[in-house]
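Participant: Input query-v6.csv, format and content: CSV, C-alpha atoms and all ligand atoms.
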chain,number,residue,atom,x,y,z
A,23,MET,CA,6.1,41.6,-168.0
A,24,THR,CA,2.5,40.7,-167.5
A,25,ILE,CA,1.5,39.0,-164.4
A,26,PRO,CA,-2.0,38.6,-162.9
A,27,ALA,CA,-3.0,41.1,-160.3
A,28,VAL,CA,-3.4,38.2,-157.9
A,29,MET,CA,0.1,36.8,-157.6
A,30,PRO,CA,-0.1,33.5,-159.5
A,31,THR,CA,1.2,31.1,-156.8
A,32,TYR,CA,-1.8,28.8,-157.3
A,33,ALA,CA,-3.0,26.8,-160.3
A,34,ARG,CA,-6.6,27.7,-159.6
A,35,ALA,CA,-9.7,25.9,-161.0
A,36,ASP,CA,-11.8,28.2,-163.2
A,37,LEU,CA,-14.6,28.2,-160.6
A,38,ALA,CA,-15.8,30.7,-158.0
A,39,PHE,CA,-18.4,30.1,-155.3
A,40,ASP,CA,-21.0,32.7,-154.6
A,41,ARG,CA,-22.5,31.2,-151.5
A,42,GLY,CA,-22.8,28.1,-149.3
A,43,GLU,CA,-25.6,26.2,-147.5
A,44,GLY,CA,-24.5,23.5,-145.1
A,45,ALA,CA,-22.6,20.9,-147.0
A,46,TYR,CA,-23.4,22.6,-150.4
A,47,LEU,CA,-21.7,25.3,-152.4
A,48,ILE,CA,-23.3,27.3,-155.2
A,49,ASP,CA,-21.0,28.8,-157.9
A,50,THR,CA,-21.4,32.1,-159.6
A,51,ALA,CA,-23.3,30.5,-162.4
A,52,GLY,CA,-25.8,29.0,-160.0
A,53,ARG,CA,-24.5,25.4,-160.1
A,54,ARG,CA,-24.8,23.4,-156.9
A,55,TYR,CA,-21.9,21.2,-155.6
A,56,LEU,CA,-21.6,18.9,-152.6
A,57,ASP,CA,-18.6,20.2,-150.7
A,58,PHE,CA,-16.2,17.4,-149.8
A,59,ALA,CA,-13.3,19.9,-149.5
A,60,SER,CA,-14.4,22.3,-146.8
A,61,GLY,CA,-12.0,24.9,-147.9
A,62,ILE,CA,-9.2,22.4,-147.1
A,63,ALA,CA,-10.6,21.1,-143.8
A,64,VAL,CA,-11.6,24.5,-142.6
A,65,THR,CA,-15.4,25.0,-142.8
A,66,LEU,CA,-15.8,22.3,-140.2
A,67,LEU,CA,-19.5,22.8,-139.7
A,68,GLY,CA,-20.4,23.6,-143.3
A,69,HIS,CA,-21.4,27.0,-144.7
A,70,ALA,CA,-23.7,29.5,-143.1
A,71,HIS,CA,-24.1,27.5,-139.9
A,72,PRO,CA,-26.8,29.5,-138.0
A,73,HIS,CA,-25.0,29.2,-134.6
A,74,LEU,CA,-21.7,30.4,-136.1
A,75,ASN,CA,-23.4,33.2,-138.1
A,76,LYS,CA,-25.1,34.4,-134.9
A,77,ALA,CA,-21.9,34.4,-132.9
A,78,LEU,CA,-20.1,36.3,-135.6
A,79,GLN,CA,-22.8,38.9,-136.1
A,80,ASP,CA,-23.4,39.4,-132.4
A,81,GLN,CA,-19.7,40.0,-131.8
A,82,ALA,CA,-19.4,42.2,-134.9
A,83,GLY,CA,-22.0,44.6,-133.4
A,84,LYS,CA,-20.0,44.8,-130.2
A,85,ILE,CA,-16.2,45.0,-130.8
A,86,TRP,CA,-13.9,43.4,-133.4
A,87,HIS,CA,-10.4,44.0,-132.1
A,88,THR,CA,-8.6,45.2,-129.0
A,89,SER,CA,-5.1,43.8,-129.2
A,90,ASN,CA,-3.5,41.6,-126.6
A,91,VAL,CA,-2.4,44.3,-124.3
A,92,VAL,CA,-5.7,44.0,-122.6
A,93,ARG,CA,-7.8,40.9,-121.5
A,94,VAL,CA,-9.9,39.4,-124.2
A,95,PRO,CA,-12.8,37.5,-122.4
A,96,ALA,CA,-13.8,35.3,-125.4
A,97,GLN,CA,-10.1,34.3,-125.7
A,98,GLU,CA,-9.9,33.4,-122.1
A,99,ARG,CA,-13.1,31.4,-122.3
A,100,LEU,CA,-11.9,29.5,-125.5
A,101,ALA,CA,-8.5,28.8,-123.9
A,102,GLU,CA,-10.2,27.4,-120.7
A,103,ARG,CA,-12.4,25.2,-122.8
A,104,LEU,CA,-9.6,23.8,-124.9
A,105,VAL,CA,-7.6,23.2,-121.7
A,106,ALA,CA,-10.6,21.4,-120.1
A,107,ASN,CA,-10.9,19.1,-123.2
A,108,SER,CA,-7.3,18.3,-123.9
A,109,PHE,CA,-3.9,17.4,-122.4
A,110,ALA,CA,-2.9,21.0,-122.3
A,111,ASP,CA,-2.7,23.6,-119.5
A,112,THR,CA,-2.3,26.7,-121.7
A,113,VAL,CA,-3.0,28.1,-125.1
A,114,PHE,CA,-1.6,30.8,-127.4
A,115,PHE,CA,-3.9,31.9,-130.2
A,116,THR,CA,-2.8,32.9,-133.8
A,117,ASN,CA,-4.4,33.8,-137.1
A,118,SER,CA,-3.2,30.9,-139.1
A,119,GLY,CA,-1.8,27.4,-139.0
A,120,VAL,CA,1.8,28.2,-139.6
A,121,GLU,CA,1.9,30.8,-136.9
A,122,ALA,CA,0.5,28.2,-134.4
A,123,TRP,CA,3.1,25.7,-135.6
A,124,GLU,CA,5.9,28.4,-135.3
A,125,CYS,CA,4.7,29.2,-131.7
A,126,GLY,CA,5.2,25.6,-130.8
A,127,THR,CA,8.6,25.5,-132.4
A,128,LYS,CA,9.7,28.6,-130.4
A,129,LEU,CA,8.2,27.1,-127.2
A,130,VAL,CA,10.2,23.9,-127.6
A,131,ARG,CA,13.5,25.8,-127.8
A,132,LYS,CA,12.5,28.1,-125.0
A,133,TYR,CA,11.7,25.2,-122.8
A,134,HIS,CA,15.1,23.7,-123.1
A,135,ASP,CA,16.7,27.1,-122.6
A,136,ALA,CA,14.6,27.6,-119.5
A,137,THR,CA,15.6,24.3,-118.1
A,138,GLY,CA,19.3,25.1,-118.5
A,139,GLN,CA,19.8,23.1,-121.7
A,140,PRO,CA,20.1,25.8,-124.4
A,141,ASP,CA,22.1,23.4,-126.6
A,142,ARG,CA,19.0,21.4,-127.2
A,143,TRP,CA,17.4,23.3,-130.1
A,144,ARG,CA,17.0,20.9,-133.0
A,145,ILE,CA,13.7,19.3,-133.9
A,146,ILE,CA,13.2,16.0,-135.6
A,147,THR,CA,10.6,16.0,-138.4
A,148,VAL,CA,9.5,13.3,-140.8
A,149,GLY,CA,9.3,12.9,-144.6
A,150,GLY,CA,6.1,13.9,-146.2
A,151,ALA,CA,5.3,16.4,-143.5
A,152,PHE,CA,3.7,19.8,-144.0
A,153,HIS,CA,3.7,22.5,-141.4
A,154,GLY,CA,3.0,25.6,-143.5
A,155,ARG,CA,4.9,28.1,-145.7
A,156,THR,CA,7.1,30.3,-143.6
A,157,MET,CA,10.9,29.9,-144.0
A,158,THR,CA,11.0,27.9,-140.8
A,159,ALA,CA,8.1,25.7,-141.7
A,160,ILE,CA,9.4,24.8,-145.2
A,161,SER,CA,12.8,24.2,-143.6
A,162,ALA,CA,11.2,21.7,-141.3
A,163,ALA,CA,9.2,19.9,-143.9
A,164,LYS,CA,12.0,20.0,-146.5
A,165,SER,CA,10.0,18.8,-149.5
A,166,GLU,CA,11.4,19.8,-152.9
A,167,LYS,CA,8.2,21.5,-153.9
A,168,LEU,CA,8.2,23.7,-150.9
A,169,VAL,CA,11.8,24.7,-150.7
A,170,ASP,CA,12.9,24.9,-154.4
A,171,GLY,CA,14.5,28.3,-155.0
A,172,PHE,CA,13.9,29.6,-151.4
A,173,GLY,CA,17.2,28.5,-149.9
A,174,PRO,CA,19.2,28.8,-147.8
A,175,LEU,CA,16.9,27.1,-145.3
A,176,VAL,CA,16.6,27.7,-141.6
A,177,ASP,CA,18.9,25.4,-139.6
A,178,GLY,CA,17.6,23.2,-136.8
A,179,PHE,CA,15.5,20.5,-138.4
A,180,ASP,CA,16.6,16.9,-138.9
A,181,GLN,CA,14.4,14.8,-141.0
A,182,VAL,CA,13.8,11.0,-140.8
A,183,ALA,CA,11.6,8.7,-142.7
A,184,TRP,CA,7.9,8.7,-141.8
A,185,GLY,CA,7.1,5.7,-139.6
A,186,ASN,CA,10.7,4.5,-139.2
A,187,LEU,CA,11.6,4.2,-135.5
A,188,ASN,CA,15.2,3.0,-136.0
A,189,GLU,CA,16.0,6.0,-138.0
A,190,LEU,CA,14.3,8.3,-135.5
A,191,ARG,CA,16.2,6.9,-132.5
A,192,ALA,CA,19.5,7.1,-134.5
A,193,ALA,CA,18.8,10.8,-135.3
A,194,VAL,CA,18.5,11.9,-131.6
A,195,THR,CA,21.6,13.8,-130.4
A,196,ASP,CA,22.6,15.9,-127.5
A,197,GLU,CA,21.1,18.9,-129.4
A,198,THR,CA,17.7,17.4,-130.1
A,199,ALA,CA,14.8,19.3,-128.4
A,200,ALA,CA,11.7,17.7,-129.8
A,201,ILE,CA,10.0,15.4,-132.3
A,202,CYS,CA,7.3,17.0,-134.4
A,203,VAL,CA,4.8,14.9,-136.5
A,204,GLU,CA,1.2,15.1,-137.8
A,205,PRO,CA,-0.7,12.1,-136.4
A,206,ILE,CA,-2.3,12.0,-139.9
A,207,GLN,CA,-0.4,13.7,-142.7
A,208,GLY,CA,-2.7,15.9,-144.7
A,209,GLU,CA,-0.9,17.6,-147.6
A,210,GLY,CA,1.5,14.6,-147.6
A,211,GLY,CA,-1.3,12.4,-148.9
A,212,ILE,CA,-3.7,11.5,-146.0
A,213,ARG,CA,-1.2,9.2,-144.4
A,214,PRO,CA,-2.3,8.1,-140.9
A,215,ALA,CA,0.5,7.2,-138.5
A,216,ALA,CA,0.2,3.7,-137.0
A,217,LEU,CA,-1.1,4.1,-133.5
A,218,ASP,CA,1.9,2.0,-132.2
A,219,TYR,CA,4.2,4.5,-133.9
A,220,LEU,CA,2.6,7.4,-132.1
A,221,ARG,CA,3.0,5.5,-128.8
A,222,ALA,CA,6.6,4.8,-129.6
A,223,LEU,CA,7.3,8.5,-130.2
A,224,ARG,CA,6.0,9.2,-126.7
A,225,THR,CA,8.4,6.6,-125.3
A,226,VAL,CA,11.4,7.9,-127.3
A,227,ALA,CA,10.6,11.5,-126.3
A,228,ASP,CA,10.5,10.4,-122.6
A,229,GLU,CA,13.6,8.3,-122.8
A,230,PHE,CA,15.7,11.2,-124.2
A,231,GLY,CA,14.1,14.1,-122.4
A,232,LEU,CA,12.5,15.5,-125.6
A,233,LEU,CA,9.2,17.3,-126.1
A,234,LEU,CA,6.6,15.5,-128.2
A,235,TYR,CA,5.0,18.0,-130.6
A,236,PHE,CA,1.9,17.0,-132.7
A,237,ASP,CA,0.7,19.2,-135.6
A,238,GLU,CA,-3.1,18.6,-135.6
A,239,ILE,CA,-3.8,21.6,-137.8
A,240,GLN,CA,-5.6,19.4,-140.3
A,241,CYS,CA,-6.5,16.2,-138.4
A,242,GLY,CA,-7.6,17.8,-135.1
A,243,MET,CA,-10.9,19.4,-134.1
A,244,GLY,CA,-13.1,16.4,-134.5
A,245,ARG,CA,-12.2,15.4,-138.0
A,246,THR,CA,-11.4,11.8,-137.0
A,247,GLY,CA,-14.4,11.4,-134.7
A,248,LYS,CA,-12.4,12.3,-131.6
A,249,LEU,CA,-11.6,15.9,-130.7
A,250,PHE,CA,-7.9,15.3,-131.4
A,251,ALA,CA,-6.5,12.5,-133.6
A,252,HIS,CA,-3.8,11.5,-131.1
A,253,GLU,CA,-6.6,10.4,-128.7
A,254,TRP,CA,-6.9,7.2,-130.8
A,255,ALA,CA,-3.4,6.2,-129.7
A,256,GLY,CA,-4.0,6.9,-126.0
A,257,VAL,CA,-0.9,9.1,-125.7
A,258,THR,CA,-0.6,12.8,-125.3
A,259,PRO,CA,1.9,15.2,-126.6
A,260,ASP,CA,3.6,18.1,-124.7
A,261,VAL,CA,2.8,20.6,-127.4
A,262,MET,CA,0.1,20.7,-130.2
A,263,CYS,CA,-0.9,23.2,-132.9
A,264,LEU,CA,-4.4,23.6,-134.2
A,265,ALA,CA,-5.9,25.8,-136.9
A,266,LYS,CA,-8.1,25.1,-140.0
A,267,GLY,CA,-11.3,23.8,-138.5
A,268,ILE,CA,-10.9,25.6,-135.2
A,269,GLY,CA,-12.5,28.8,-136.6
A,270,GLY,CA,-15.0,27.1,-138.9
A,271,GLY,CA,-13.8,29.4,-141.7
A,272,PHE,CA,-12.8,32.4,-139.6
A,273,PRO,CA,-8.9,32.7,-139.5
A,274,LEU,CA,-7.8,31.2,-136.2
A,275,GLY,CA,-5.1,29.0,-134.9
A,276,ALA,CA,-3.9,27.8,-131.5
A,277,CYS,CA,-0.8,26.4,-129.9
A,278,LEU,CA,-1.5,24.2,-126.9
A,279,ALA,CA,1.0,23.0,-124.3
A,280,THR,CA,1.4,21.6,-120.9
A,281,GLY,CA,2.4,24.0,-118.2
A,282,GLN,CA,5.8,22.3,-117.9
A,283,ALA,CA,6.5,22.6,-121.7
A,284,ALA,CA,5.4,26.3,-121.7
A,285,MET,CA,7.5,27.3,-118.7
A,286,GLY,CA,9.6,29.6,-120.8
A,287,MET,CA,6.8,31.5,-122.4
A,288,THR,CA,6.7,34.4,-119.9
A,289,PRO,CA,5.4,38.0,-120.6
A,290,GLY,CA,7.2,39.6,-123.5
A,291,THR,CA,8.6,36.4,-125.0
A,292,HIS,CA,6.0,36.0,-127.8
A,293,GLY,CA,3.1,37.9,-129.2
A,294,THR,CA,0.7,38.7,-132.1
A,295,THR,CA,-1.4,41.7,-133.0
A,296,TYR,CA,-4.5,39.9,-134.3
A,297,GLY,CA,-4.2,36.4,-132.7
A,298,GLY,CA,-7.2,35.4,-130.7
A,299,ASN,CA,-9.0,38.7,-131.2
A,300,PRO,CA,-12.7,39.1,-130.0
A,301,LEU,CA,-14.2,38.3,-133.4
A,302,ALA,CA,-12.1,35.2,-134.0
A,303,THR,CA,-12.5,33.7,-130.5
A,304,ALA,CA,-16.3,34.4,-130.5
A,305,VAL,CA,-16.5,32.2,-133.6
A,306,GLY,CA,-14.0,29.7,-132.1
A,307,ASN,CA,-16.2,29.3,-129.0
A,308,ALA,CA,-19.3,28.8,-131.3
A,309,VAL,CA,-17.5,26.0,-133.2
A,310,LEU,CA,-16.6,24.4,-129.9
A,311,ASP,CA,-20.2,24.6,-128.7
A,312,VAL,CA,-21.2,22.4,-131.5
A,313,LEU,CA,-18.3,20.0,-131.4
A,314,LEU,CA,-18.8,19.4,-127.7
A,315,GLU,CA,-22.6,18.8,-128.0
A,316,PRO,CA,-23.2,15.3,-126.6
A,317,GLY,CA,-23.2,12.8,-129.5
A,318,PHE,CA,-21.7,15.1,-132.1
A,319,LEU,CA,-18.3,13.4,-132.3
A,320,GLU,CA,-20.0,10.0,-132.2
A,321,ARG,CA,-22.0,10.9,-135.2
A,322,VAL,CA,-18.8,12.0,-137.1
A,323,GLU,CA,-17.2,8.6,-136.2
A,324,ALA,CA,-20.4,6.8,-137.4
A,325,VAL,CA,-20.7,8.6,-140.7
A,326,GLY,CA,-16.9,8.2,-141.2
A,327,ALA,CA,-17.3,4.4,-140.8
A,328,PHE,CA,-20.3,4.4,-143.1
A,329,LEU,CA,-18.3,6.2,-145.8
A,330,TRP,CA,-15.2,4.0,-145.3
A,331,GLU,CA,-17.1,0.7,-145.7
A,332,ARG,CA,-18.7,1.9,-149.0
A,333,LEU,CA,-15.5,3.6,-150.4
A,334,ASP,CA,-13.6,0.4,-149.6
A,335,ALA,CA,-16.1,-1.5,-151.7
A,336,LEU,CA,-15.7,1.0,-154.5
A,337,VAL,CA,-11.9,0.5,-154.5
A,338,ARG,CA,-12.5,-3.3,-154.8
A,339,ARG,CA,-15.1,-2.8,-157.5
A,340,TYR,CA,-12.9,-0.6,-159.7
A,341,PRO,CA,-9.3,-2.0,-159.4
A,342,ARG,CA,-8.2,-0.4,-162.7
A,343,SER,CA,-9.1,3.1,-161.7
A,344,LEU,CA,-8.8,3.0,-157.9
A,345,LEU,CA,-5.7,1.8,-156.0
A,346,GLU,CA,-6.2,2.6,-152.4
A,347,LEU,CA,-8.4,4.2,-149.7
A,348,ARG,CA,-6.6,5.9,-146.7
A,349,GLY,CA,-7.5,8.0,-143.7
A,350,ALA,CA,-9.7,8.0,-140.6
A,351,GLY,CA,-13.1,9.5,-139.8
A,352,LEU,CA,-13.9,12.3,-142.2
A,353,MET,CA,-10.3,12.7,-143.4
A,354,LEU,CA,-10.2,10.3,-146.3
A,355,GLY,CA,-8.0,9.9,-149.4
A,356,LEU,CA,-8.6,7.9,-152.6
A,357,ARG,CA,-5.6,7.1,-154.8
A,358,PRO,CA,-6.7,6.8,-158.4
A,359,THR,CA,-4.6,5.4,-161.3
A,360,ARG,CA,-5.2,8.5,-163.4
A,361,PRO,CA,-3.7,11.9,-162.3
A,362,SER,CA,-5.7,13.1,-159.3
A,363,GLY,CA,-6.2,16.5,-160.9
A,364,GLU,CA,-8.1,14.9,-163.8
A,365,VAL,CA,-10.2,12.9,-161.5
A,366,ILE,CA,-11.0,15.9,-159.4
A,367,GLY,CA,-12.1,17.7,-162.5
A,368,GLU,CA,-14.5,14.8,-163.5
A,369,LEU,CA,-15.9,14.7,-159.9
A,370,ARG,CA,-16.5,18.5,-160.0
A,371,ALA,CA,-18.3,18.2,-163.4
A,372,GLU,CA,-20.7,15.8,-161.6
A,373,GLY,CA,-21.2,18.1,-158.7
A,374,LEU,CA,-18.7,16.9,-156.1
A,375,HIS,CA,-16.0,19.3,-154.9
A,376,THR,CA,-12.8,17.7,-153.6
A,377,VAL,CA,-9.1,18.7,-153.3
A,378,PRO,CA,-5.8,17.0,-154.2
A,379,ALA,CA,-2.9,16.0,-151.9
A,380,SER,CA,0.6,14.7,-152.6
A,381,ASP,CA,1.0,11.1,-153.7
A,382,ASN,CA,-1.7,11.6,-156.3
A,383,ILE,CA,-4.5,11.6,-153.7
A,384,VAL,CA,-8.1,12.8,-154.1
A,385,ARG,CA,-8.8,14.2,-150.6
A,386,LEU,CA,-12.3,13.8,-149.1
A,387,LEU,CA,-12.8,16.3,-146.3
A,388,PRO,CA,-16.5,16.9,-145.9
A,389,PRO,CA,-17.9,19.2,-143.2
A,390,LEU,CA,-18.5,17.2,-140.0
A,391,ILE,CA,-22.2,17.9,-140.2
A,392,ILE,CA,-22.9,15.5,-143.1
A,393,GLY,CA,-25.2,12.5,-142.5
A,394,GLU,CA,-25.8,9.3,-144.5
A,395,ALA,CA,-27.8,11.2,-147.1
A,396,GLU,CA,-24.9,13.4,-148.1
A,397,ALA,CA,-22.5,10.5,-147.9
A,398,LEU,CA,-24.7,8.5,-150.2
A,399,GLU,CA,-24.9,11.4,-152.7
A,400,ALA,CA,-21.1,11.6,-152.8
A,401,LEU,CA,-20.8,7.9,-153.2
A,402,ALA,CA,-23.2,7.9,-156.1
A,403,ILE,CA,-21.1,10.5,-157.9
A,404,LEU,CA,-17.9,8.6,-157.1
A,405,ASP,CA,-19.4,5.4,-158.4
A,406,ARG,CA,-20.5,7.1,-161.6
A,407,VAL,CA,-17.1,8.7,-162.2
A,408,PHE,CA,-14.9,5.7,-161.3
A,409,GLY,CA,-17.3,3.4,-163.1
A,410,ARG,CA,-16.6,5.4,-166.3
A,411,LEU,CA,-12.9,5.6,-165.6
A,412,GLU,CA,-12.8,1.8,-165.0
A,413,ALA,CA,-14.5,1.2,-168.4
A,414,GLU,CA,-12.0,3.6,-170.1
A,415,ALA,CA,-9.1,1.9,-168.3
A,416,ALA,CA,-10.3,-1.4,-169.7
A,417,LYS,CA,-10.5,-0.2,-173.3
A,418,PRO,CA,-6.8,0.3,-174.3
A,419,LYS,CA,-6.1,-3.2,-173.0
A,420,VAL,CA,-8.7,-4.7,-175.3
A,421,ALA,CA,-7.3,-2.7,-178.2
A,422,ALA,CA,-3.8,-3.9,-177.4
A,423,GLU,CA,-5.0,-7.6,-177.3
A,424,VAL,CA,-6.8,-7.1,-180.6
A,425,SER,CA,-3.7,-5.6,-182.3
A,426,ASP,CA,-1.4,-8.3,-180.8
A,427,ALA,CA,-3.6,-10.9,-182.5
B,501,LIG,C1,-2.7,23.7,-143.4
B,501,LIG,C2,-1.6,23.1,-142.5
B,501,LIG,C3,-0.6,24.0,-142.0
B,501,LIG,C4,-0.5,25.4,-142.3
B,501,LIG,O1,-1.6,26.2,-142.0
B,501,LIG,P1,-1.8,27.6,-142.7
B,501,LIG,O2,-3.1,28.2,-142.0
B,501,LIG,O3,-1.9,27.4,-144.1
B,501,LIG,O4,-0.6,28.4,-142.3
B,501,LIG,C5,0.3,23.4,-141.1
B,501,LIG,N1,0.2,22.1,-140.8
B,501,LIG,C6,-0.7,21.3,-141.3
B,501,LIG,C7,-0.7,19.8,-140.9
B,501,LIG,C8,-1.6,21.7,-142.2
B,501,LIG,O5,-2.5,20.9,-142.7
As structure tokens - that is how I would like this structure written.
Ligand SMILES: *Cc1c(COP(=O)(O)O)cnc(C)c1O

Facilitator:
Amino acid sequence: MTIPAVMPTYARADLAFDRGEGAYLIDTAGRRYLDFASGIAVTLLGHAHPHLNKALQDQAGKIWHTSNVVRVPAQERLAERLVANSFADTVFFTNSGVEAWECGTKLVRKYHDATGQPDRWRIITVGGAFHGRTMTAISAAKSEKLVDGFGPLVDGFDQVAWGNLNELRAAVTDETAAICVEPIQGEGGIRPAALDYLRALRTVADEFGLLLYFDEIQCGMGRTGKLFAHEWAGVTPDVMCLAKGIGGGFPLGACLATGQAAMGMTPGTHGTTYGGNPLATAVGNAVLDVLLEPGFLERVEAVGAFLWERLDALVRRYPRSLLELRGAGLMLGLRPTRPSGEVIGELRAEGLHTVPASDNIVRLLPPLIIGEAEALEALAILDRVFGRLEAEAAKPKVAAEVSDA
């Protein structure tokens, strides 16, 4: 049996990037692309950001890794800064999103165990969710694509329809420990929760003594123009996981919690070899330096609004090729009439790099450093491609009318 040396779990585009400069990527053939994918919401500050490069290089010359059996000063500093800028009192660092999510899942069970309610161990999740690829995370999200052939699944996750409060309330039992949702679903197709829904989740959690757990791995870290997406709703969770943008491209994740929720996470209960190591947290601190600069998030919000207004006009202008615009800030999704994979190929041929999501979505996830100039450049490419697709979509109809006559 022949199989590629790289296990073929991805249907990869025949494209490789050699280097990046800010919001631009240069492929191995020397072609330049505007990067509206950011390595799937990861390279938050673009490529080769001088402040991040310096932090990485300075730390690389000192010490890379020590393990968590000793204190890690950069980790302590990053934790303190995340705590100072969020609802949380404490942080556990990981190497990836799914590990951060899993830490939150374990924390939720441990909390109820520590408060004398070990029978509360089930977590309510919602349709369209994505929490990563471990057995537990696919068991929580349950989508066919994720679980097919991997059963039996891990027990302990009850799923309800996204946005449906009646179903959610009906699903709460004596065994329910928490509600876990993404404030804006990413892989599920850039689906923002209604702010009232997020507020109602807080109310339901309080009413039944559940923990509210937000997965902000994709929508957090400034992507919506606030440091965390839930801030728009004016409610806070008890637990939140972060990753993707938090390391600006260096593998890093974090699970944040209130002191109350984390009361069971005592020495020896959880751990990781690499998580929060000196190199990763040096870069994490550098990312946060930029995000917390006065005016940075306001600029993200402004350029997001600028893009939204013009993309919305594009959707109206090309109704045969564009059905919908979704999202918030710089986490946007376009739903074309043609298969998103084809559209992404056309955009790439014109120099705009994007990524797909479920629900036939073309995801626009530019680095947060873009300004109006990059937004206008992307809009010009989108206009060209959808203008062409619109004309093509109009053609068969004309042909049909002619043949009918
Ligand atoms: C990407 C993602 C994850 C998983 O992160 P990995 O780093 O791939 O493990 C989990 N939840 C959400 C919302 C994500 O977007």

Participant: Go through A:Arg213, A:His375, A:Lys76, A:Arg99 one by one, measure the shortest atom-to-atom distance of each to ligand LIG 501 (chain B) using all atoms listed in the file, and give the residue with the smallest value.

Facilitator: A:Arg213

Participant: Any idea what the distance is between atom CA of A:Met23 and atom CA of A:Val169?

Facilitator: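 That distance, rounded to one decimal, is 24.8 Å.
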
Participant: Name the closest residue to ligand LIG 501 (chain B) among the candidates A:Leu314, A:Val337, A:Leu67, A:Ile239; distances are taken between atoms, counting all atoms listed in the file.

Facilitator: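 Smallest distance to ligand LIG 501 (chain B) is found for A:Ile239.
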
Participant: Rounded to one decimal in Å, what is the spacing between atom CA of A:Glu346 and atom CA of A:Val365?

Facilitator: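 Computed distance, atom CA of A:Glu346 to atom CA of A:Val365, equals 14.3 Å.
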
Participant: Determine, counting all atoms listed in the file, which protein, DNA and RNA residues have an atom within 8 Å of an atom of A:Ile145; residues of the same chain fewer than 4 positions away are not included. Present the result as a PyMOL selection string.

Facilitator: chain A and resi 178-180+198-202

Participant: Would you mind exporting the chosen residues as an mmCIF file, in the coordinates of the input, restricted to C-alpha atoms?

Facilitator:
data_model
loop_
_atom_site.group_PDB
_atom_site.id
_atom_site.type_symbol
_atom_site.label_atom_id
_atom_site.label_comp_id
_atom_site.auth_asym_id
_atom_site.auth_seq_id
_atom_site.Cartn_x
_atom_site.Cartn_y
_atom_site.Cartn_z
ATOM 1 C CA GLY A 178 17.600 23.200 -136.800
ATOM 2 C CA PHE A 179 15.500 20.500 -138.400
ATOM 3 C CA ASP A 180 16.600 16.900 -138.900
ATOM 4 C CA THR A 198 17.700 17.400 -130.100
ATOM 5 C CA ALA A 199 14.800 19.300 -128.400
ATOM 6 C CA ALA A 200 11.700 17.700 -129.800
ATOM 7 C CA ILE A 201 10.000 15.400 -132.300
ATOM 8 C CA CYS A 202 7.300 17.000 -134.400
#

Participant: Could you state the separation of atom CA of A:Glu372 and atom CA of A:Leu401 in Å, given to one decimal place?

Facilitator: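 Interatomic distance, atom CA of A:Glu372 to atom CA of A:Leu401: 11.5 Å.
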
Participant: Within 8 Å of A:Arg342, counting only C-alpha atoms, which residues show up once you throw out same-chain ones fewer than 3 positions away? Write them as a PyMOL selection string, please.

Facilitator: chain A and resi 345+359+412+415-416

Participant: Could I get the residue neighbourhood of ligand LIG 501 (chain B) at 9 Å, counting only C-alpha atoms and all ligand atoms, as a PyMOL selection string?

Facilitator: chain A and resi 62-64+117-123+151-156+159+203-210+237-241+263-266+273-275

Participant: Looking at A:Gly126, A:Gly271, A:Pro26, A:Gly256, which one is nearest to A:Pro389, with distances taken over all atoms listed in the file?

Facilitator: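 So, comparing all the options, the nearest one is A:Gly271.
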
Participant: In terms of the shortest atom-to-atom distance over only C-alpha atoms, which of A:Phe109, A:Phe39, A:Tyr235, A:Phe318 is closest to A:Leu390?

Facilitator: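 When distances to A:Leu390 are compared using only C-alpha atoms, the smallest one comes from A:Phe318.
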
Participant: Would you please work out which residue, of A:Pro358, A:Gly150, A:Pro378, A:Gly242, is nearest to A:Leu336 when using only C-alpha atoms?

Facilitator: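 Answer, going by the shortest atom-to-atom distance: A:Pro358.
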
Participant: Measuring atom to atom with only C-alpha atoms, identify which of A:Leu37, A:Arg410, A:Met243, A:Ile391 is nearest to A:Leu310.

Facilitator: A:Met243

Participant: Tell me which protein, DNA and RNA residues are within 6 Å of A:Gln181, counting all atoms listed in the file, leaving out same-chain ones fewer than 2 positions away, and put them as a ChimeraX atom specification.

Facilitator: /A:146-148

Participant: Using only C-alpha atoms, collect all residues at a distance of at most 7 Å from (-13.2, 33.5, -135.2) as written in the file, then present them as a PyMOL selection string.

Facilitator: chain A and resi 269+272-274+301-306

Participant: Would you kindly return, as a VMD selection string, each protein, DNA or RNA residue with an atom no farther than 10 Å from any atom of A:Thr376, considering all atoms listed in the file and excluding same-chain residues fewer than 6 positions away?

Facilitator: chain A and resid 55 to 62 363 365 to 367 369 to 370 384 to 388

Participant: Hey, what's within 12 Å of A:Arg321 if we count only C-alpha atoms and toss same-chain stuff fewer than 5 positions away? As a short mmCIF file (atom, residue, chain, number, x, y, z; two decimals) with C-alpha atoms, in the frame of the given file, please?

Facilitator:
data_model
loop_
_atom_site.label_atom_id
_atom_site.label_comp_id
_atom_site.auth_asym_id
_atom_site.auth_seq_id
_atom_site.Cartn_x
_atom_site.Cartn_y
_atom_site.Cartn_z
CA GLY A 244 -13.10 16.40 -134.50
CA ARG A 245 -12.20 15.40 -138.00
CA THR A 246 -11.40 11.80 -137.00
CA GLY A 247 -14.40 11.40 -134.70
CA LYS A 248 -12.40 12.30 -131.60
CA LEU A 313 -18.30 20.00 -131.40
CA LEU A 314 -18.80 19.40 -127.70
CA GLU A 315 -22.60 18.80 -128.00
CA PRO A 316 -23.20 15.30 -126.60
CA GLY A 326 -16.90 8.20 -141.20
CA ALA A 327 -17.30 4.40 -140.80
CA PHE A 328 -20.30 4.40 -143.10
CA GLY A 351 -13.10 9.50 -139.80
CA LEU A 352 -13.90 12.30 -142.20
CA LEU A 390 -18.50 17.20 -140.00
CA ILE A 391 -22.20 17.90 -140.20
CA ILE A 392 -22.90 15.50 -143.10
CA GLY A 393 -25.20 12.50 -142.50
CA GLU A 394 -25.80 9.30 -144.50
#
